[in-house]
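Heads up: the structure comes next, in structure tokens.
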2 protein chains.
Amino acid sequence: MAGVSTATVSRALSKPETVAKETRELVLEAAAQTGYRVNLAARNLRSHRTGTIVVMVPNLGNPFFSRILSGIESVVVDRGLSVLVVDTQFAKSKMDLVSNYIHHSRADGFIVLDGSLPDEVVENLLDSSPQRPVIFACEWLEDERFSFVRVNNRRGASLAIDHLVGLGHSRIGYINGPVENILTKARFEGALTGFNEHDITIDAAWQFQGDFSLESGAVVARQWFALEDRPSAIFCANDEMAFGLISELNQNGVKVPEDLSVVGFDDIDLSAHFIPPLTTIRQPRTELGVSAAEMLIKAVDDRAPGGELQSKVLPVELMVRGSTAAPADR
Amino acid sequence: MAGVSTATVSRALSKPETVAKETRELVLEAAAQTGYRVNLAARNLRSHRTGTIVVMVPNLGNPFFSRILSGIESVVVDRGLSVLVVDTQFAKSKMDLVSNYIHHSRADGFIVLDGSLPDEVVENLLDSSPQRPVIFACEWLEDERFSFVRVNNRRGASLAIDHLVGLGHSRIGYINGPVENILTKARFEGALTGFNEHDITIDAAWQFQGDFSLESGAVVARQWFALEDRPSAIFCANDEMAFGLISELNQNGVKVPEDLSVVGFDDIDLSAHFIPPLTTIRQPRTELGVSAAEMLIKAVDDRAPGGELQSKVLPVELMVRGSTAAPADR
DNA sequence: AAATGATATGTAATCGATTACAAATCTTGT
DNA sequence: ACAAGATTTGTAATCGATTACATATCATTT
């Protein structure tokens, strides 16, 4: 219709600068007239690219990830790429993840928000051919072979402890996240550092085991209640557990921060609007997503055979709100 | 390697039943040996299917949608399909992007969670060729040309009013969602029905305008505060606004439910753990996602040329918790 | 005006599977 | 033992773009 060859049409559409202005306009005009759309399957087949990145999320139901996803999406959309979201929890088996997403030429790269992938899957991420860049975001692996972006979890936790000690607390408890989770470990280490710096020892009875869920926070509330000797403050490895804790305590007449100070971690949207507003460590979630996406796109563009590893650690910030106060006199 | 033709290999892999058992085993064996993986781009190109469904979400950052997504994903993964998530918020400025998803042979079908798509996009959904099935979930269009799954929003709202009236309230306020939003309209109508049934008229000063966000709930709290004549109960068109409202009131010494009863809508995870636990209308979010996915898969399989429209309205449930009580004597 | 290089376009191979159709083989009934 | 039908396999066309390479056109320099 434009009176040119298919090759010229292809170039006019995907590499406009290689075609004379006049011809280009003819082609674009004809394309608009006919409502032509490229067939992506054909393009992908021939060009060995997919225009898609895969994001592996441990649990889509958790609002914590939604902001990160939206950060990723905001960057990726600008580049004309699209995002395939996989909830690793639903992948029938881990094998499913491997074959379906990693090997099946589905993605130009991966962003992984799940630091607990089985070794088998991790190996496949590295072995897939052709190798696709992988960025771990938020959670990460101890493995040195991956790029990552995360916040300074240790520092966040020690900031929290500093804050509590600054208020006069010396009897401080801690709610852990799920065992084996890398965030759990880093935050606990940070808390320990904080304790050490202030010459505080933490009573084993004051280390509670949670799993990042609201419910587990509520369970800890009951455990705290049952203690004879209670800490005057508790640092929670994430905000949701703090909510569960505070809410359950409240049901039983225990007031935060009068009777117990509570610090969280993450600063999710609701934290500022909880009752009381939650003192917490702010993790810039949107930026985590944005950075991860930018790193990935850079890696995809460079496509150096080996590929340089990138890493980025974003700062955390202590948000002092209403859930912490000086300890009551005893 | 298996000593058969490519056609047989293809059949052994994608339609195993059409191949003799022995041959099939030979092929599978060889495939396993060589680590063969189908190239999806090639398959899609030839078979005119993509194995992908696109979900259009108004705002990925909103935790309300995460459960729905996870419901969708759980179904879709079982069918060996994958989910492409598009945040329409980012694409809206560039509607062509959204149209790209629609036309670019990217998906076998669509689930749309956004009832406020511009007409242009809606037309594209219908006109795309080949036509792909579309299911609206949660939000919907007044347009009769689409399948949908949603809850009984009207009934939910009137249940909420019934509950408040049952407690003895007759001075009831209402916080609307964003104007033009279909949920806003349906819930408001339901509330009006409730009012009518109990011969209550709602004061215009008690109709507040929100936008489903925490912040807008907080704004309403200040407006409520400024009123001379205040309602004794407020029904919020969603839970987040209720949180914002209660939290801001609390900062100013107003207690819920003693000074004001509050009912929300949605029953998101946090509602049961808020302070006080929020009385709300439960919307089965995971099921909404599951139903939407099932309806879509059915439509994709049938692929009747016209395609019968499907619709489903799920029930809501009143969850009575701590944010409502009988009005204080005045 | 011819030579050189830069720019623009066309021809045809190619990506890797699926599938219509034909051909070969096997079953079954008579 | 043979025809008819069912089952299995193979041949080769095909999906719709991209791109290596060849060729044509144009601008610039000497």
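All residue names refer to the structure tokens as shown: chains lettered A, B, ... in order, residues numbered from 1 in each chain, ligands numbered from 1 in order.
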Give me the residues near DC15 of chain C as a tab-separated table (two decimals) with N, CA and C atoms (P, O5', C5', C4', C3', O3' and C1' of nucleotides), in the first residue's frame, where near means some atom within 9 Å (using only C-alpha atoms (C1' of nucleotides)) and where sequence neighbours in that chain fewer than 4 positions away do not count.
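Result file around.tsv:
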chain	number	residue	atom	x	y	z
A	42	ALA	N	5.79	-13.18	16.16
A	42	ALA	CA	6.71	-13.22	15.02
A	42	ALA	C	7.96	-12.40	15.31
A	44	ASN	N	9.22	-11.64	18.20
A	44	ASN	CA	10.03	-12.30	19.22
A	44	ASN	C	10.79	-13.48	18.64
A	45	LEU	N	10.09	-14.22	17.82
A	45	LEU	CA	10.71	-15.41	17.24
A	45	LEU	C	11.96	-15.02	16.46
A	46	ARG	N	11.80	-14.03	15.64
A	46	ARG	CA	12.91	-13.65	14.79
A	46	ARG	C	14.01	-12.92	15.56
A	47	SER	N	13.60	-12.04	16.47
A	47	SER	CA	14.61	-11.18	17.08
A	47	SER	C	15.19	-11.72	18.38
A	48	HIS	N	14.68	-12.84	18.81
A	48	HIS	CA	15.18	-13.45	20.04
A	48	HIS	C	15.07	-12.54	21.24
B	42	ALA	N	7.75	-19.22	18.80
B	42	ALA	CA	7.44	-19.99	17.60
B	42	ALA	C	6.08	-20.67	17.74
D	18	DT	P	9.76	-6.41	12.90
D	18	DT	O5'	11.03	-7.35	12.65
D	18	DT	C5'	11.54	-8.09	13.73
D	18	DT	C4'	12.80	-8.78	13.28
D	18	DT	C3'	13.97	-7.86	12.95
D	18	DT	O3'	15.11	-8.48	13.53
D	18	DT	C1'	13.54	-9.27	11.13
Quick one: which residues from chain A are at most 12 Å off chain C, using only C-alpha atoms (C1' of nucleotides), as a VMD selection string?
chain A and resid 3 to 12 17 to 24 41 to 49 105
Using only C-alpha atoms, which of A:Ala233, A:Ala218, A:Val149, A:Val38 sits nearest Val134 of chain A?
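That would be A:Val149, the residue with the smallest distance to Val134 of chain A.
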Contact set, chain D to chain B: 9 Å, only C-alpha atoms (C1' of nucleotides), as a PyMOL selection string
chain D and resi 7-10+14-16
Please find the residues of chain B near chain A - the criterion being any atom within 7 Å, counting only C-alpha atoms - and write them as a ChimeraX atom specification.
/B:37-42,44-45,60-63,66-67,69-70,74,77,83-85,90,103-105,243-244,247,273-275
Can you list every residue in segment 67-211 of chain A that DSSP puts in strand (DSSP E), as a ChimeraX atom specification?
/A:82-87,109-112,134-137,147-151,172-176,207-209
Restrict the selected residues to C-alpha atoms and save them as an mmCIF file, in the first residue's frame.
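Writing the result to out12.cif gives the following:
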data_model
loop_
_atom_site.group_PDB
_atom_site.id
_atom_site.type_symbol
_atom_site.label_atom_id
_atom_site.label_comp_id
_atom_site.auth_asym_id
_atom_site.auth_seq_id
_atom_site.Cartn_x
_atom_site.Cartn_y
_atom_site.Cartn_z
ATOM 1 C CA SER A 82 5.775 -5.405 29.917
ATOM 2 C CA VAL A 83 5.762 -7.230 33.211
ATOM 3 C CA LEU A 84 4.848 -10.834 33.784
ATOM 4 C CA VAL A 85 4.090 -11.410 37.456
ATOM 5 C CA VAL A 86 4.562 -14.838 38.948
ATOM 6 C CA ASP A 87 3.515 -15.736 42.439
ATOM 7 C CA GLY A 109 15.286 -10.666 32.348
ATOM 8 C CA PHE A 110 14.123 -11.453 35.854
ATOM 9 C CA ILE A 111 13.459 -9.531 39.012
ATOM 10 C CA VAL A 112 13.216 -11.831 41.993
ATOM 11 C CA VAL A 134 18.598 -11.422 37.109
ATOM 12 C CA ILE A 135 18.164 -8.807 39.809
ATOM 13 C CA PHE A 136 17.232 -9.680 43.343
ATOM 14 C CA ALA A 137 15.222 -6.931 44.979
ATOM 15 C CA SER A 147 22.960 -8.433 41.291
ATOM 16 C CA PHE A 148 20.686 -7.011 43.944
ATOM 17 C CA VAL A 149 19.039 -3.937 45.333
ATOM 18 C CA ARG A 150 17.933 -3.753 48.926
ATOM 19 C CA VAL A 151 17.859 -1.476 51.929
ATOM 20 C CA ILE A 172 13.576 -4.761 74.950
ATOM 21 C CA GLY A 173 11.989 -7.710 73.198
ATOM 22 C CA TYR A 174 12.178 -8.753 69.579
ATOM 23 C CA ILE A 175 9.813 -10.476 67.169
ATOM 24 C CA ASN A 176 11.589 -12.355 64.435
ATOM 25 C CA GLN A 207 12.828 -13.238 71.539
ATOM 26 C CA PHE A 208 9.581 -14.187 69.909
ATOM 27 C CA GLN A 209 9.124 -16.131 66.742
#
Computed after least-squares fitting of chain B to chain A on all C-alpha atoms in order, what is the RMSD in Å?
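Once chain B is overlaid on chain A, the RMSD is 0.6 Å.
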Quote the spacing between atom CA of Glu139 of chain B and atom CA of Thr279 of chain B in Å to one decimal place.
22.4 Å
Atom CA of Val313 of chain B and atom CA of Phe195 of chain B, how far apart in Å?
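We find that atom CA of Phe195 of chain B and atom CA of Val313 of chain B lie 23.1 Å from each other.
Every protein, DNA or RNA residue with an atom at most 10 Å from Asp259 of chain A, where only C-alpha atoms (C1' of nucleotides) count and chain neighbours fewer than 3 positions away do not, is listed here: Pro231, Ser232, Ala233, Leu249, Gly253, Val254, Lys255, Val256, Val262, Thr324, Ala325, Ala326, Pro327 and Ala328 of chain A.
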Report the residues of segment 189-283 of chain A whose backbone DSSP state falls under helix (DSSP H, G or I), written as a PyMOL selection string.
chain A and resi 189-197+204-206+214-226+239-251+269-273
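Reported to one decimal place, the separation of atom CA of Thr88 of chain B from atom CA of Ala32 of chain A is 23.8 Å.
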